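For reference, target-v3.tsv is printed below; it contains TSV, C-alpha atoms.
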chain	number	residue	atom	x	y	z
A	1	MET	CA	-50.10	-9.82	-18.15
A	2	LYS	CA	-52.98	-9.41	-20.58
A	3	PHE	CA	-56.66	-9.49	-19.73
A	4	ASP	CA	-59.80	-10.07	-21.75
A	5	TYR	CA	-62.20	-7.58	-20.19
A	6	SER	CA	-65.13	-8.94	-22.18
A	7	LYS	CA	-65.04	-11.96	-19.86
A	8	LYS	CA	-65.04	-12.12	-16.07
A	9	ASP	CA	-62.44	-14.89	-15.97
A	10	TYR	CA	-59.71	-12.36	-15.18
A	11	LEU	CA	-61.50	-11.56	-11.91
A	12	PHE	CA	-62.41	-15.13	-10.96
A	13	PRO	CA	-59.27	-17.24	-11.62
A	14	LYS	CA	-59.08	-20.99	-12.16
A	15	TRP	CA	-58.43	-23.33	-9.25
A	16	TYR	CA	-54.66	-23.63	-9.77
A	17	ILE	CA	-54.29	-19.83	-9.72
A	18	LYS	CA	-56.29	-19.76	-6.49
A	19	VAL	CA	-53.85	-22.28	-5.00
A	20	TYR	CA	-50.89	-20.16	-6.18
A	21	SER	CA	-52.51	-17.04	-4.70
A	22	PHE	CA	-53.20	-18.73	-1.35
A	23	LEU	CA	-49.62	-20.03	-1.00
A	24	LEU	CA	-48.02	-16.75	-2.15
A	25	PHE	CA	-50.08	-14.69	0.27
A	26	TRP	CA	-49.32	-16.74	3.36
A	27	ILE	CA	-45.62	-17.08	2.45
A	28	LEU	CA	-45.32	-13.28	2.28
A	29	VAL	CA	-47.42	-12.52	5.37
A	30	PRO	CA	-44.44	-12.85	7.82
A	31	VAL	CA	-42.36	-10.50	5.66
A	32	LEU	CA	-45.16	-7.93	5.46
A	33	LEU	CA	-45.76	-8.13	9.22
A	34	ILE	CA	-42.07	-7.40	9.85
A	35	ILE	CA	-42.32	-4.39	7.52
A	36	LYS	CA	-45.48	-3.22	9.27
A	37	HIS	CA	-44.27	-3.52	12.87
A	38	PHE	CA	-40.49	-3.01	12.72
A	39	ILE	CA	-39.66	-1.03	9.58
A	40	LEU	CA	-42.62	1.28	8.95
A	41	ARG	CA	-43.86	0.96	12.58
A	42	VAL	CA	-47.45	1.56	11.50
A	43	LYS	CA	-49.92	2.31	14.27
A	44	VAL	CA	-53.46	0.97	13.86
A	45	LYS	CA	-56.41	2.76	15.46
A	46	GLY	CA	-60.16	2.16	15.35
A	47	LYS	CA	-59.97	-1.58	14.71
A	48	LYS	CA	-63.36	-1.93	16.43
A	49	TYR	CA	-64.97	-0.33	13.36
A	50	TYR	CA	-63.55	-3.05	11.12
A	51	ARG	CA	-64.92	-5.70	13.46
A	52	GLN	CA	-68.42	-4.27	12.94
A	53	ILE	CA	-68.36	-5.36	9.28
A	54	LYS	CA	-65.88	-8.23	9.62
A	55	LYS	CA	-68.33	-10.94	8.59
A	56	GLN	CA	-69.91	-9.16	5.64
A	57	GLY	CA	-68.88	-7.70	2.32
A	58	ALA	CA	-67.71	-4.09	2.23
A	59	VAL	CA	-65.91	-1.56	0.08
A	60	ILE	CA	-62.80	-0.25	1.83
A	61	VAL	CA	-61.69	3.22	0.70
A	62	SER	CA	-58.41	4.83	1.69
A	63	ASN	CA	-56.23	7.78	0.88
A	64	HIS	CA	-53.19	6.70	-1.13
A	65	VAL	CA	-50.02	8.02	0.49
A	66	HIS	CA	-47.45	5.20	0.59
A	67	GLU	CA	-46.31	2.32	-1.60
A	68	PHE	CA	-47.12	-0.16	1.18
A	69	ASP	CA	-50.43	1.30	2.34
A	70	ALA	CA	-52.46	-1.52	0.74
A	71	PRO	CA	-50.39	-4.35	2.31
A	72	MET	CA	-50.59	-2.58	5.68
A	73	ILE	CA	-54.40	-2.61	5.48
A	74	GLY	CA	-54.23	-6.27	4.48
A	75	MET	CA	-52.05	-7.13	7.49
A	76	SER	CA	-54.50	-5.28	9.77
A	77	ILE	CA	-57.49	-7.44	8.82
A	78	LEU	CA	-55.85	-10.87	8.97
A	79	PRO	CA	-56.87	-13.65	8.57
A	80	ARG	CA	-59.41	-12.11	6.17
A	81	ARG	CA	-58.19	-11.26	2.71
A	82	MET	CA	-59.35	-8.54	0.34
A	83	VAL	CA	-59.50	-7.82	-3.36
A	84	ILE	CA	-57.54	-4.74	-4.39
A	85	VAL	CA	-58.34	-2.56	-7.41
A	86	SER	CA	-55.12	-1.55	-9.17
A	87	LEU	CA	-54.29	0.42	-12.30
A	88	GLU	CA	-53.96	-1.64	-15.47
A	89	ASP	CA	-50.42	-0.32	-16.03
A	90	ASN	CA	-49.24	-2.09	-12.87
A	91	PHE	CA	-49.75	-5.42	-14.67
A	92	LYS	CA	-47.57	-4.64	-17.70
A	93	SER	CA	-44.61	-6.56	-16.30
A	94	ASP	CA	-45.33	-10.31	-16.17
A	95	PHE	CA	-43.33	-10.74	-12.95
A	96	MET	CA	-44.89	-7.82	-11.09
A	97	GLY	CA	-48.29	-8.55	-12.63
A	98	TRP	CA	-48.39	-12.13	-11.39
A	99	LEU	CA	-47.03	-11.06	-8.00
A	100	ILE	CA	-49.72	-8.48	-7.26
A	101	TYR	CA	-52.41	-10.61	-8.95
A	102	GLY	CA	-51.52	-13.43	-6.57
A	103	LEU	CA	-51.78	-11.03	-3.64
A	104	GLY	CA	-55.33	-10.10	-4.61
A	105	ALA	CA	-54.96	-7.15	-7.00
A	106	ARG	CA	-57.25	-6.91	-10.03
A	107	PRO	CA	-56.86	-4.43	-12.90
A	108	LEU	CA	-59.06	-1.42	-13.50
A	109	PRO	CA	-59.60	-1.33	-17.29
A	110	LYS	CA	-58.58	1.84	-19.13
A	111	ASP	CA	-61.23	1.28	-21.78
A	112	LEU	CA	-64.42	2.95	-20.57
A	113	ARG	CA	-66.49	0.37	-22.48
A	114	HIS	CA	-65.62	-2.18	-19.80
A	115	VAL	CA	-66.26	-0.01	-16.73
A	116	LYS	CA	-69.90	-1.09	-16.33
A	117	SER	CA	-69.02	-4.80	-16.33
A	118	PHE	CA	-66.12	-4.00	-13.98
A	119	ILE	CA	-68.51	-2.36	-11.49
A	120	GLU	CA	-70.92	-5.29	-11.74
A	121	ALA	CA	-68.15	-7.84	-11.23
A	122	PHE	CA	-66.75	-6.12	-8.15
A	123	ALA	CA	-70.25	-5.72	-6.77
A	124	GLU	CA	-70.46	-9.53	-7.00
A	125	PHE	CA	-67.27	-9.76	-4.94
A	126	ALA	CA	-68.76	-7.52	-2.27
A	127	LYS	CA	-72.12	-9.33	-2.26
A	128	SER	CA	-70.33	-12.63	-1.73
A	129	GLY	CA	-68.84	-11.30	1.52
A	130	LYS	CA	-65.45	-10.14	0.26
A	131	LYS	CA	-63.72	-6.87	1.14
A	132	VAL	CA	-62.85	-4.71	-1.87
A	133	LEU	CA	-60.14	-2.06	-1.46
A	134	ILE	CA	-60.25	0.93	-3.79
A	135	TYR	CA	-58.35	4.20	-3.70
A	136	PRO	CA	-60.88	6.88	-4.68
A	137	GLU	CA	-58.06	9.42	-5.12
A	138	ALA	CA	-56.94	7.15	-7.99
A	139	HIS	CA	-53.17	7.61	-7.71
A	140	LEU	CA	-50.37	7.73	-5.16
A	141	ILE	CA	-48.79	10.88	-3.74
A	142	ARG	CA	-46.45	10.13	-0.86
A	143	ARG	CA	-47.50	11.81	2.39
A	144	CYS	CA	-49.87	14.12	0.56
A	145	PRO	CA	-50.78	17.01	2.93
A	146	LYS	CA	-54.45	17.02	1.96
A	147	LEU	CA	-57.23	14.63	1.04
A	148	ARG	CA	-57.72	14.78	-2.72
A	149	GLU	CA	-61.01	14.72	-4.61
A	150	PHE	CA	-62.68	11.30	-4.77
A	151	LYS	CA	-63.80	9.50	-7.91
A	152	THR	CA	-67.14	7.68	-7.75
A	153	GLY	CA	-66.18	4.12	-8.81
A	154	ALA	CA	-65.85	2.66	-5.29
A	155	PHE	CA	-69.17	4.13	-4.27
A	156	ARG	CA	-70.94	2.86	-7.37
A	157	ILE	CA	-69.85	-0.63	-6.31
A	158	ALA	CA	-71.15	-0.08	-2.76
A	159	VAL	CA	-74.54	1.15	-4.04
A	160	GLU	CA	-74.78	-1.69	-6.58
A	161	ALA	CA	-73.92	-4.34	-3.98
A	162	GLY	CA	-75.82	-2.76	-1.09
A	163	VAL	CA	-72.80	-3.03	1.22
A	164	PRO	CA	-71.24	-0.52	3.62
A	165	VAL	CA	-68.20	1.63	2.90
A	166	LEU	CA	-65.38	1.28	5.42
A	167	PRO	CA	-63.19	4.42	5.41
A	168	VAL	CA	-59.50	4.03	6.18
A	169	CYS	CA	-57.64	7.27	6.69
A	170	TYR	CA	-53.85	7.37	6.87
A	171	THR	CA	-52.35	10.20	8.90
A	172	TYR	CA	-48.68	10.77	9.56
A	173	ARG	CA	-46.19	12.62	11.67
A	174	GLY	CA	-43.02	12.87	9.65
A	175	LYS	CA	-42.60	9.44	8.07
A	176	ARG	CA	-44.52	7.58	10.80
A	177	LEU	CA	-47.87	6.31	9.48
A	178	THR	CA	-51.04	5.81	11.48
A	179	LEU	CA	-53.78	3.66	9.93
A	180	ASN	CA	-57.15	4.87	11.19
A	181	PHE	CA	-60.30	2.77	10.69
A	182	LEU	CA	-63.36	5.05	10.76
A	183	PRO	CA	-66.99	4.04	11.40
A	184	PRO	CA	-68.67	2.17	8.51
A	185	ILE	CA	-70.82	4.31	6.24
A	186	TYR	CA	-74.08	2.72	5.12
A	187	VAL	CA	-75.90	3.60	1.93
A	188	GLN	CA	-79.00	5.61	2.77
A	189	GLU	CA	-82.33	4.99	1.09
A	190	GLY	CA	-82.44	6.77	-2.26
A	191	GLU	CA	-78.77	7.78	-2.06
A	192	ASP	CA	-76.82	7.58	-5.32
A	193	ALA	CA	-73.09	7.05	-5.81
A	194	LYS	CA	-72.34	10.74	-6.24
A	195	ALA	CA	-73.99	11.67	-2.94
A	196	LEU	CA	-72.31	8.75	-1.13
A	197	THR	CA	-68.96	9.82	-2.57
A	198	GLN	CA	-69.34	13.35	-1.23
A	199	ARG	CA	-70.61	12.21	2.18
A	200	THR	CA	-67.67	9.84	2.61
A	201	TYR	CA	-65.19	12.47	1.46
A	202	ASN	CA	-66.55	15.01	3.96
A	203	ILE	CA	-66.24	12.55	6.85
A	204	MET	CA	-62.71	11.49	5.93
A	205	ASN	CA	-61.56	15.02	5.16
A	206	GLU	CA	-62.79	16.34	8.51
A	207	PHE	CA	-60.97	13.53	10.34
A	208	PHE	CA	-57.78	13.93	8.29
A	209	THR	CA	-57.67	17.71	8.74
A	210	LYS	CA	-58.12	17.52	12.53
A	211	GLU	CA	-55.57	14.73	13.04
A	212	MET	CA	-52.94	16.35	10.85
A	213	ALA	CA	-53.42	19.66	12.68
A	214	LYS	CA	-52.74	17.84	15.98
A	215	ASN	CA	-49.57	16.34	14.54
A	216	GLN	CA	-48.34	19.74	13.38
A	217	VAL	CA	-48.91	21.19	16.86
A	218	ILE	CA	-46.94	18.32	18.42
A	219	ASP	CA	-44.12	18.82	15.93
A	220	THR	CA	-43.76	22.49	16.95
A	221	ILE	CA	-43.17	21.68	20.66
A	222	PRO	CA	-39.43	22.27	21.29
A	223	GLU	CA	-37.33	19.34	22.44
A	224	GLU	CA	-34.86	19.66	25.33
A	225	GLU	CA	-32.15	18.73	22.89
A	226	PRO	CA	-33.35	19.68	19.40
A	227	LEU	CA	-32.60	17.13	16.75
A	228	VAL	CA	-31.26	18.25	13.38
A	229	GLU	CA	-32.83	16.25	10.57
A	230	THR	CA	-32.49	16.28	6.83
A	231	ILE	CA	-35.87	17.01	5.31
A	232	GLU	CA	-36.47	15.07	2.14
A	233	GLU	CA	-38.83	16.35	-0.50
A	234	ASP	CA	-41.94	14.25	-0.88
A	235	GLU	CA	-41.69	11.99	-3.87
A	236	VAL	CA	-44.71	12.21	-6.17
A	237	VAL	CA	-45.65	8.89	-7.69
A	238	SER	CA	-48.24	8.77	-10.45
A	239	ARG	CA	-49.08	5.11	-10.06
A	240	HIS	CA	-51.10	2.89	-7.80
A	241	ALA	CA	-49.10	0.93	-5.28
As structure tokens - that is how I would like this structure written.
Amino acid sequence: MKFDYSKKDYLFPKWYIKVYSFLLFWILVPVLLIIKHFILRVKVKGKKYYRQIKKQGAVIVSNHVHEFDAPMIGMSILPRRMVIVSLEDNFKSDFMGWLIYGLGARPLPKDLRHVKSFIEAFAEFAKSGKKVLIYPEAHLIRRCPKLREFKTGAFRIAVEAGVPVLPVCYTYRGKRLTLNFLPPIYVQEGEDAKALTQRTYNIMNEFFTKEMAKNQVIDTIPEEEPLVETIEEDEVVSRHA
């Protein structure tokens, strides 16, 4: 797929693409729910925090640790849908590009000349009541053992739109994922994107560190009949899901 970043049409598709997107999404929902509940067996905690901002626009930020972490967030906020920021390279293939575009993904332009208009356009999404998902770590590392440094783009959108940030923090014990919704973070008076970025990172990092420490303690408790498992090396993926 190719996009003309000088226009906002690539973000706001024509009616027939909206119909395609609607049908594609709800056709795939049963498949994604099966993956969520029976294959990945993702636990969801803190859903009450999502309900606090359910009826308003928000910027959702999450650590990026699994290829299906975006769909799992999407399945956790049904029937609401969200717009997902994805790397431009993920749209190179026409098939994959149209698939993820139909599911709500929109490209992040590589050309820095278009970043300002990109921020403004996504702020419009948030102002209109939509949820925007962005990975501030910028790329995927499977089951990364730490929270990586955040980029400021998601928080620039939140400041521009005047909407809360909803942190989502994935933790894991082995390959079992837990999706944790954390309390919404509201932009404080006079707070800029850089300060909001750091404040959000500190909150998420403290939560992630504590939860992962608990999981490690649990993993060290001996079983009555120890299980022998093959430990696979974490695969490092340099792309967005």
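Interatomic distance, CA of Lys54 in chain A against CA of Arg80 in chain A: 8.3 Å.
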Report the distance between CA of Leu99 in chain A and CA of His114 in chain A in Å, rounded to one decimal place. 23.7 Å
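Residues within 9 Å of Phe208 in chain A, counting all atoms listed in the file and excluding same-chain residues fewer than 6 positions away, are Lys146, Leu147, Cys169, Tyr170 and Thr171 of chain A.
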Enclose the full set of atoms of range 101-110 of chain A listed in the file within a box whose edges lie along x, y and z, apply 5 Å of padding to each of the six sides, and report centre and edge lengths in Å to one decimal as AutoDock Vina command-line options.
--center_x -55.6 --center_y -5.8 --center_z -11.4 --size_x 18.1 --size_y 25.3 --size_z 25.5
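Among the candidates A:His139, A:Lys36, A:Lys214, A:Lys175, the residue lying nearest to Ser86 in chain A is A:His139 (atoms considered: all atoms listed in the file).
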Give me the residues of range 67-166 of chain A that have any atom at most 9 Å from an atom of range 15-26 of chain A; for each, the nearest atom pair and the distance in Å, rounded to one decimal. Use all atoms listed in the file, sort by chain and number, and format it as CSV.
residue,atom,partner,partner_atom,distance
A:Leu99,CA,A:Leu24,CA,8.2
A:Tyr101,CA,A:Ser21,CA,7.7
A:Gly102,CA,A:Ser21,CA,4.2
A:Leu103,CA,A:Phe25,CA,5.6
A:Gly104,CA,A:Ser21,CA,7.5
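You can rank A:Trp98, A:Phe91, A:Tyr135, A:Phe122 by their closest distance to Val168 in chain A using all atoms listed in the file, and at the top of that list sits A:Tyr135.
Those DNA, RNA and protein residues that approach the point (-70.4, 7.2, 0.3) to within 7 Å, considering only C-alpha atoms, are A:Phe155, A:Val165, A:Ile185, A:Val187, A:Ala193, A:Ala195, A:Leu196, A:Thr197, A:Gln198, A:Arg199, A:Thr200.
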Save the residues we just selected, C-alpha atoms, as an mmCIF file, in the frame of the given file?
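again08.cif, freshly written:
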data_model
loop_
_atom_site.group_PDB
_atom_site.id
_atom_site.type_symbol
_atom_site.label_atom_id
_atom_site.label_comp_id
_atom_site.auth_asym_id
_atom_site.auth_seq_id
_atom_site.Cartn_x
_atom_site.Cartn_y
_atom_site.Cartn_z
ATOM 1 C CA PHE A 155 -69.170 4.130 -4.270
ATOM 2 C CA VAL A 165 -68.200 1.630 2.900
ATOM 3 C CA ILE A 185 -70.820 4.310 6.240
ATOM 4 C CA VAL A 187 -75.900 3.600 1.930
ATOM 5 C CA ALA A 193 -73.090 7.050 -5.810
ATOM 6 C CA ALA A 195 -73.990 11.670 -2.940
ATOM 7 C CA LEU A 196 -72.310 8.750 -1.130
ATOM 8 C CA THR A 197 -68.960 9.820 -2.570
ATOM 9 C CA GLN A 198 -69.340 13.350 -1.230
ATOM 10 C CA ARG A 199 -70.610 12.210 2.180
ATOM 11 C CA THR A 200 -67.670 9.840 2.610
#
re CA of Ile39 in chain A and CA of Pro71 in chain A: distance 13.4 Å
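For the residues A:Met1, A:Val61, A:Leu11, A:Val29, ranking by smallest atom-to-atom distance to Ala121 in chain A using only C-alpha atoms places A:Leu11 first.
The nearest approach to Gly153 in chain A among the residues A:Ala105, A:Val85, A:Ala213, A:Leu78, with all atoms listed in the file taken into account, belongs to A:Val85.
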Which residue, A:Ile203, A:Ile157, A:Met75, A:Ile27, has the smallest gap to Lys116 in chain A when you use all atoms listed in the file? A:Ile157
Could you give me, as a count of residues only, the residues that have an atom at most 12 Å away from the point (-47.7, -4.3, -14.7) in the coordinates of the file, using all atoms listed in the file? 26
Complete the atom set of range 192-214 of chain A to N, CA, C and O atoms and return it as a PDB file, keeping the file's coordinate frame.
ATOM      1  N   ASP A 192     -77.562   8.057  -4.158  1.00  0.00           N
ATOM      2  CA  ASP A 192     -76.820   7.580  -5.320  1.00  0.00           C
ATOM      3  C   ASP A 192     -75.317   7.637  -5.042  1.00  0.00           C
ATOM      4  O   ASP A 192     -74.870   8.101  -3.992  1.00  0.00           O
ATOM      5  N   ALA A 193     -74.543   7.146  -5.993  1.00  0.00           N
ATOM      6  CA  ALA A 193     -73.090   7.050  -5.810  1.00  0.00           C
ATOM      7  C   ALA A 193     -72.437   8.412  -5.619  1.00  0.00           C
ATOM      8  O   ALA A 193     -71.505   8.563  -4.816  1.00  0.00           O
ATOM      9  N   LYS A 194     -72.922   9.400  -6.338  1.00  0.00           N
ATOM     10  CA  LYS A 194     -72.340  10.740  -6.240  1.00  0.00           C
ATOM     11  C   LYS A 194     -72.518  11.307  -4.839  1.00  0.00           C
ATOM     12  O   LYS A 194     -71.583  11.865  -4.245  1.00  0.00           O
ATOM     13  N   ALA A 195     -73.725  11.163  -4.284  1.00  0.00           N
ATOM     14  CA  ALA A 195     -73.990  11.670  -2.940  1.00  0.00           C
ATOM     15  C   ALA A 195     -73.193  10.893  -1.895  1.00  0.00           C
ATOM     16  O   ALA A 195     -72.663  11.476  -0.933  1.00  0.00           O
ATOM     17  N   LEU A 196     -73.087   9.580  -2.061  1.00  0.00           N
ATOM     18  CA  LEU A 196     -72.310   8.750  -1.130  1.00  0.00           C
ATOM     19  C   LEU A 196     -70.831   9.121  -1.195  1.00  0.00           C
ATOM     20  O   LEU A 196     -70.146   9.157  -0.167  1.00  0.00           O
ATOM     21  N   THR A 197     -70.348   9.394  -2.398  1.00  0.00           N
ATOM     22  CA  THR A 197     -68.960   9.820  -2.570  1.00  0.00           C
ATOM     23  C   THR A 197     -68.682  11.085  -1.764  1.00  0.00           C
ATOM     24  O   THR A 197     -67.704  11.166  -1.014  1.00  0.00           O
ATOM     25  N   GLN A 198     -69.542  12.077  -1.916  1.00  0.00           N
ATOM     26  CA  GLN A 198     -69.340  13.350  -1.230  1.00  0.00           C
ATOM     27  C   GLN A 198     -69.467  13.217   0.277  1.00  0.00           C
ATOM     28  O   GLN A 198     -68.691  13.800   1.040  1.00  0.00           O
ATOM     29  N   ARG A 199     -70.415  12.406   0.727  1.00  0.00           N
ATOM     30  CA  ARG A 199     -70.610  12.210   2.180  1.00  0.00           C
ATOM     31  C   ARG A 199     -69.383  11.542   2.794  1.00  0.00           C
ATOM     32  O   ARG A 199     -68.910  11.943   3.865  1.00  0.00           O
ATOM     33  N   THR A 200     -68.861  10.527   2.109  1.00  0.00           N
ATOM     34  CA  THR A 200     -67.670   9.840   2.610  1.00  0.00           C
ATOM     35  C   THR A 200     -66.469  10.766   2.611  1.00  0.00           C
ATOM     36  O   THR A 200     -65.688  10.803   3.569  1.00  0.00           O
ATOM     37  N   TYR A 201     -66.318  11.528   1.544  1.00  0.00           N
ATOM     38  CA  TYR A 201     -65.190  12.470   1.460  1.00  0.00           C
ATOM     39  C   TYR A 201     -65.249  13.467   2.617  1.00  0.00           C
ATOM     40  O   TYR A 201     -64.229  13.751   3.259  1.00  0.00           O
ATOM     41  N   ASN A 202     -66.420  14.011   2.885  1.00  0.00           N
ATOM     42  CA  ASN A 202     -66.550  15.010   3.960  1.00  0.00           C
ATOM     43  C   ASN A 202     -66.153  14.440   5.312  1.00  0.00           C
ATOM     44  O   ASN A 202     -65.458  15.091   6.098  1.00  0.00           O
ATOM     45  N   ILE A 203     -66.578  13.199   5.577  1.00  0.00           N
ATOM     46  CA  ILE A 203     -66.240  12.550   6.850  1.00  0.00           C
ATOM     47  C   ILE A 203     -64.734  12.321   6.958  1.00  0.00           C
ATOM     48  O   ILE A 203     -64.109  12.641   7.980  1.00  0.00           O
ATOM     49  N   MET A 204     -64.142  11.776   5.905  1.00  0.00           N
ATOM     50  CA  MET A 204     -62.710  11.490   5.930  1.00  0.00           C
ATOM     51  C   MET A 204     -61.877  12.773   5.953  1.00  0.00           C
ATOM     52  O   MET A 204     -60.855  12.851   6.641  1.00  0.00           O
ATOM     53  N   ASN A 205     -62.306  13.770   5.222  1.00  0.00           N
ATOM     54  CA  ASN A 205     -61.560  15.020   5.160  1.00  0.00           C
ATOM     55  C   ASN A 205     -61.563  15.736   6.507  1.00  0.00           C
ATOM     56  O   ASN A 205     -60.544  16.297   6.932  1.00  0.00           O
ATOM     57  N   GLU A 206     -62.714  15.718   7.188  1.00  0.00           N
ATOM     58  CA  GLU A 206     -62.790  16.340   8.510  1.00  0.00           C
ATOM     59  C   GLU A 206     -61.851  15.644   9.486  1.00  0.00           C
ATOM     60  O   GLU A 206     -61.115  16.296  10.251  1.00  0.00           O
ATOM     61  N   PHE A 207     -61.852  14.297   9.454  1.00  0.00           N
ATOM     62  CA  PHE A 207     -60.970  13.530  10.340  1.00  0.00           C
ATOM     63  C   PHE A 207     -59.507  13.812  10.007  1.00  0.00           C
ATOM     64  O   PHE A 207     -58.694  14.091  10.898  1.00  0.00           O
ATOM     65  N   PHE A 208     -59.155  13.743   8.727  1.00  0.00           N
ATOM     66  CA  PHE A 208     -57.780  13.930   8.290  1.00  0.00           C
ATOM     67  C   PHE A 208     -57.264  15.315   8.689  1.00  0.00           C
ATOM     68  O   PHE A 208     -56.160  15.466   9.215  1.00  0.00           O
ATOM     69  N   THR A 209     -58.070  16.341   8.450  1.00  0.00           N
ATOM     70  CA  THR A 209     -57.670  17.710   8.740  1.00  0.00           C
ATOM     71  C   THR A 209     -57.400  17.900  10.231  1.00  0.00           C
ATOM     72  O   THR A 209     -56.386  18.506  10.630  1.00  0.00           O
ATOM     73  N   LYS A 210     -58.289  17.375  11.082  1.00  0.00           N
ATOM     74  CA  LYS A 210     -58.120  17.520  12.530  1.00  0.00           C
ATOM     75  C   LYS A 210     -56.887  16.776  13.027  1.00  0.00           C
ATOM     76  O   LYS A 210     -56.106  17.302  13.832  1.00  0.00           O
ATOM     77  N   GLU A 211     -56.701  15.526  12.562  1.00  0.00           N
ATOM     78  CA  GLU A 211     -55.570  14.730  13.040  1.00  0.00           C
ATOM     79  C   GLU A 211     -54.241  15.312  12.580  1.00  0.00           C
ATOM     80  O   GLU A 211     -53.273  15.345  13.350  1.00  0.00           O
ATOM     81  N   MET A 212     -54.176  15.778  11.352  1.00  0.00           N
ATOM     82  CA  MET A 212     -52.940  16.350  10.850  1.00  0.00           C
ATOM     83  C   MET A 212     -52.615  17.662  11.553  1.00  0.00           C
ATOM     84  O   MET A 212     -51.446  17.999  11.777  1.00  0.00           O
ATOM     85  N   ALA A 213     -53.635  18.426  11.920  1.00  0.00           N
ATOM     86  CA  ALA A 213     -53.420  19.660  12.680  1.00  0.00           C
ATOM     87  C   ALA A 213     -52.817  19.346  14.043  1.00  0.00           C
ATOM     88  O   ALA A 213     -51.918  20.043  14.521  1.00  0.00           O
ATOM     89  N   LYS A 214     -53.303  18.265  14.687  1.00  0.00           N
ATOM     90  CA  LYS A 214     -52.740  17.840  15.980  1.00  0.00           C
ATOM     91  C   LYS A 214     -51.262  17.488  15.823  1.00  0.00           C
ATOM     92  O   LYS A 214     -50.427  17.850  16.651  1.00  0.00           O
TER      93      LYS A 214
END
